[in-house]
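This report concerns only the one structure given below.
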Amino acid sequence: MRTAIVRDPLQPSAALAEVASVANGAAIVFVGTVREVNDGRPVTGIEYSAYEGMAARELAAIAGEAAARSGTTDIVVEHRVGRLELGEASVVIAVAHAHRAEAYDASRYIIEQIKRRVPIWKREEYVDGTREWVDPTASRTEIPR
Amino acid sequence: MRTAIVRDPLQPSAALAEVASVANGAAIVFVGTVREVNDGRPVTGIEYSAYEGMAARELAAIAGEAAARSGTTDIVVEHRVGRLELGEASVVIAVAHAHRAEAYDASRYIIEQIKRRVPIWKREEYVDGTREWVDPTASRTEIPR
Amino acid sequence: MTITALFFASYADVFGRDQVEMEVPNGSTVGDFLRHLRALDTDRRLPPAPLVAVNERYARPDLVLRPGDEVAVIPPVAGG
Amino acid sequence: MTITALFFASYADVFGRDQVEMEVPNGSTVGDFLRHLRALDTDRRLPPAPLVAVNERYARPDLVLRPGDEVAVIPPVAGG
């Protein structure tokens, strides 16, 4: 099990290789990437920033929860910060398990929890040169647990 | 969209690259691999065989159904046949979509349908040199639709 | 009329071959074909109603066969 | 007592900085800290009850702060 906040480009195939094992029958890699459009508005790039200490702690906690629920520790999660171009990967989640149902569930759990509680923010850059912080929750203010 | 029955080793990262696009925010690669143990019995390798024409046709149909349900055609599915060693990939499913929920659903739909209806069989080889055809369904005989 | 019967995996073991040209009466259905097969399966190693595909599509027992059809007897699949 | 307040993303824009040492009365809670902040947010750009983390963990309004705590005001997260 390994989780990290990183600045360099992510390597999905390295993450896949890291969780692979002859004990596992299923491996799933989820890759989140920067889209060219968000809410109908053309995007030219995204700046990701994080509360790095807490983000690292929450990522590790989420992976631990997924491991406890699914029964595998073959989990790698990396989230990138800094400026990303269109098409670049912002997050990679690799999970391997003896069986596929558990692998899918663990992968999905991890991405949903990341979006819910890991303190990372993104500022989109638009073709007209303006930039805006993305608020996907419309200012949700409940403690995310 | 591309589906194939192949004899050479599968390349998950090539499949991922093939579905990637700046229109997509999420890509998922599922890799099914040969486990060292099945039902508690140590396995040394698996021979996959197929009714190749029909298997190719069913794979294409399944990918088409997933595309229609999810709204993406960024789908690559490859199933390998022949003798596979422990840890080798038997199936790779790459799906990319603007949004993650649809990508997960399409990926899951494809693997479940493959296991249900694509005419592929496997013969496991055991440490004592014996071999056995795997029957995961206990001879289910309903038409799988 | 003549059809081509295909046997895969464990069913190829049952019949000792993976393909055979078979004579069946004109108008035979998939069900008729299966009854014919059963007569050849003296050790009763086929399940009571195995899956059949005709020309690469799963077929119901009432489907009427035509000359030259490729009729495959499909063991429980195990792909993925 | 002194605490360290951290502001991220859009909240750093609100306060024009991302970190500040703040004096708060001994025994202050997270809720007290937020009332104190609100007085500085003259344009009312913070939501009514923003998320707060104390020493890298999400904290409820009744948590009592201690000297040296790192108190982060957390905008809606947008990772992934």
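Here, A, B, ... name the chains of the structure tokens in the order displayed, residue numbers run from 1 inside each chain, and ligands are numbered from 1 in the same displayed order.
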
- Query: When the cut-off is 8 Å and we count only C-alpha atoms, which residues of chain D are near chain A, given as a list of chain:residue names?
  - Reply: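 Every residue meeting the condition is included here: D:Phe8, D:Ala9, D:Ser10, D:Pro47, D:Ala49, D:Pro50, D:Leu51, D:Glu56, D:Arg57, D:Tyr58, D:Ala59, D:Arg60, D:Ile74, D:Pro75, D:Pro76, D:Val77, D:Ala78, D:Gly79, D:Gly80.
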
Write out as JSON lines the residues of chain B that have any atom within 9 Å of an atom of chain A, one row each with the nearest atom pair and its distance in Å to one decimal, counting only C-alpha atoms, sorted by chain and then rising number.
{"residue": "B:Pro12", "atom": "CA", "partner": "A:Ser13", "partner_atom": "CA", "distance": 7.7}
{"residue": "B:Ser13", "atom": "CA", "partner": "A:Ser13", "partner_atom": "CA", "distance": 5.8}
{"residue": "B:Leu16", "atom": "CA", "partner": "A:Pro12", "partner_atom": "CA", "distance": 8.9}
{"residue": "B:Ala20", "atom": "CA", "partner": "A:Gly87", "partner_atom": "CA", "distance": 7.7}
{"residue": "B:Ser21", "atom": "CA", "partner": "A:Gly87", "partner_atom": "CA", "distance": 6.4}
{"residue": "B:Val22", "atom": "CA", "partner": "A:Gly87", "partner_atom": "CA", "distance": 4.7}
{"residue": "B:Ala23", "atom": "CA", "partner": "A:Arg35", "partner_atom": "CA", "distance": 5.5}
{"residue": "B:Asn24", "atom": "CA", "partner": "A:Arg35", "partner_atom": "CA", "distance": 5.8}
{"residue": "B:Gly25", "atom": "CA", "partner": "A:Thr33", "partner_atom": "CA", "distance": 4.8}
{"residue": "B:Ala26", "atom": "CA", "partner": "A:Gly32", "partner_atom": "CA", "distance": 4.6}
{"residue": "B:Ala27", "atom": "CA", "partner": "A:Val31", "partner_atom": "CA", "distance": 5.1}
{"residue": "B:Ile28", "atom": "CA", "partner": "A:Phe30", "partner_atom": "CA", "distance": 4.6}
{"residue": "B:Val29", "atom": "CA", "partner": "A:Val29", "partner_atom": "CA", "distance": 5.2}
{"residue": "B:Phe30", "atom": "CA", "partner": "A:Ile28", "partner_atom": "CA", "distance": 4.6}
{"residue": "B:Val31", "atom": "CA", "partner": "A:Ala27", "partner_atom": "CA", "distance": 5.1}
{"residue": "B:Gly32", "atom": "CA", "partner": "A:Ala26", "partner_atom": "CA", "distance": 4.6}
{"residue": "B:Thr33", "atom": "CA", "partner": "A:Gly25", "partner_atom": "CA", "distance": 4.8}
{"residue": "B:Val34", "atom": "CA", "partner": "A:Gly25", "partner_atom": "CA", "distance": 5.9}
{"residue": "B:Arg35", "atom": "CA", "partner": "A:Val22", "partner_atom": "CA", "distance": 5.1}
{"residue": "B:Glu36", "atom": "CA", "partner": "A:Val22", "partner_atom": "CA", "distance": 5.5}
{"residue": "B:Val37", "atom": "CA", "partner": "A:Ala23", "partner_atom": "CA", "distance": 7.2}
{"residue": "B:Leu86", "atom": "CA", "partner": "A:Val22", "partner_atom": "CA", "distance": 6.0}
{"residue": "B:Gly87", "atom": "CA", "partner": "A:Val22", "partner_atom": "CA", "distance": 4.7}
{"residue": "B:Glu88", "atom": "CA", "partner": "A:Val22", "partner_atom": "CA", "distance": 8.5}
{"residue": "B:Ala89", "atom": "CA", "partner": "A:Gly25", "partner_atom": "CA", "distance": 8.9}
{"residue": "B:Ala98", "atom": "CA", "partner": "A:Arg35", "partner_atom": "CA", "distance": 7.6}
{"residue": "B:Arg100", "atom": "CA", "partner": "A:Gly32", "partner_atom": "CA", "distance": 8.1}
{"residue": "B:Ala101", "atom": "CA", "partner": "A:Arg108", "partner_atom": "CA", "distance": 8.7}
{"residue": "B:Tyr104", "atom": "CA", "partner": "A:Arg108", "partner_atom": "CA", "distance": 7.8}
{"residue": "B:Arg108", "atom": "CA", "partner": "A:Tyr104", "partner_atom": "CA", "distance": 7.8}

What residues in stretch 2-68 of chain C get the DSSP label strand (DSSP E or B)? Please answer as a PDB file with C-alpha atoms, in the first residue's frame.
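Wrote it out as result.pdb, contents follow:
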ATOM      1  CA  THR C   2     -26.108 -31.857 -43.688  1.00  0.00           C
ATOM      2  CA  ILE C   3     -25.059 -29.544 -40.868  1.00  0.00           C
ATOM      3  CA  THR C   4     -21.683 -28.967 -39.240  1.00  0.00           C
ATOM      4  CA  ALA C   5     -21.606 -29.691 -35.511  1.00  0.00           C
ATOM      5  CA  LEU C   6     -18.875 -28.082 -33.403  1.00  0.00           C
ATOM      6  CA  PHE C   7     -17.802 -29.281 -29.951  1.00  0.00           C
ATOM      7  CA  GLN C  19     -16.136 -30.963 -35.515  1.00  0.00           C
ATOM      8  CA  VAL C  20     -18.329 -33.366 -37.464  1.00  0.00           C
ATOM      9  CA  GLU C  21     -20.603 -33.241 -40.514  1.00  0.00           C
ATOM     10  CA  MET C  22     -23.989 -34.618 -39.460  1.00  0.00           C
ATOM     11  CA  GLU C  23     -27.036 -35.763 -41.400  1.00  0.00           C
ATOM     12  CA  THR C  29     -34.894 -28.019 -34.812  1.00  0.00           C
ATOM     13  CA  LEU C  51     -26.339 -24.337 -24.816  1.00  0.00           C
ATOM     14  CA  VAL C  52     -26.317 -24.264 -28.581  1.00  0.00           C
ATOM     15  CA  ALA C  53     -25.244 -21.560 -31.020  1.00  0.00           C
ATOM     16  CA  VAL C  54     -26.298 -21.625 -34.641  1.00  0.00           C
ATOM     17  CA  ARG C  57     -25.521 -16.871 -32.238  1.00  0.00           C
ATOM     18  CA  TYR C  58     -27.131 -18.470 -29.202  1.00  0.00           C
ATOM     19  CA  VAL C  64     -35.369 -24.677 -37.291  1.00  0.00           C
TER      20      VAL C  64
END

- Give the alpha helix (DSSP H) residues of chain C, as DSSP finds them on the backbone, and put them as a PyMOL selection string. chain C and resi 9-15+30-40

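Atom CA of A:Thr44 to atom CA of A:Tyr126 spans 5.4 Å [interatomic distance, one decimal].
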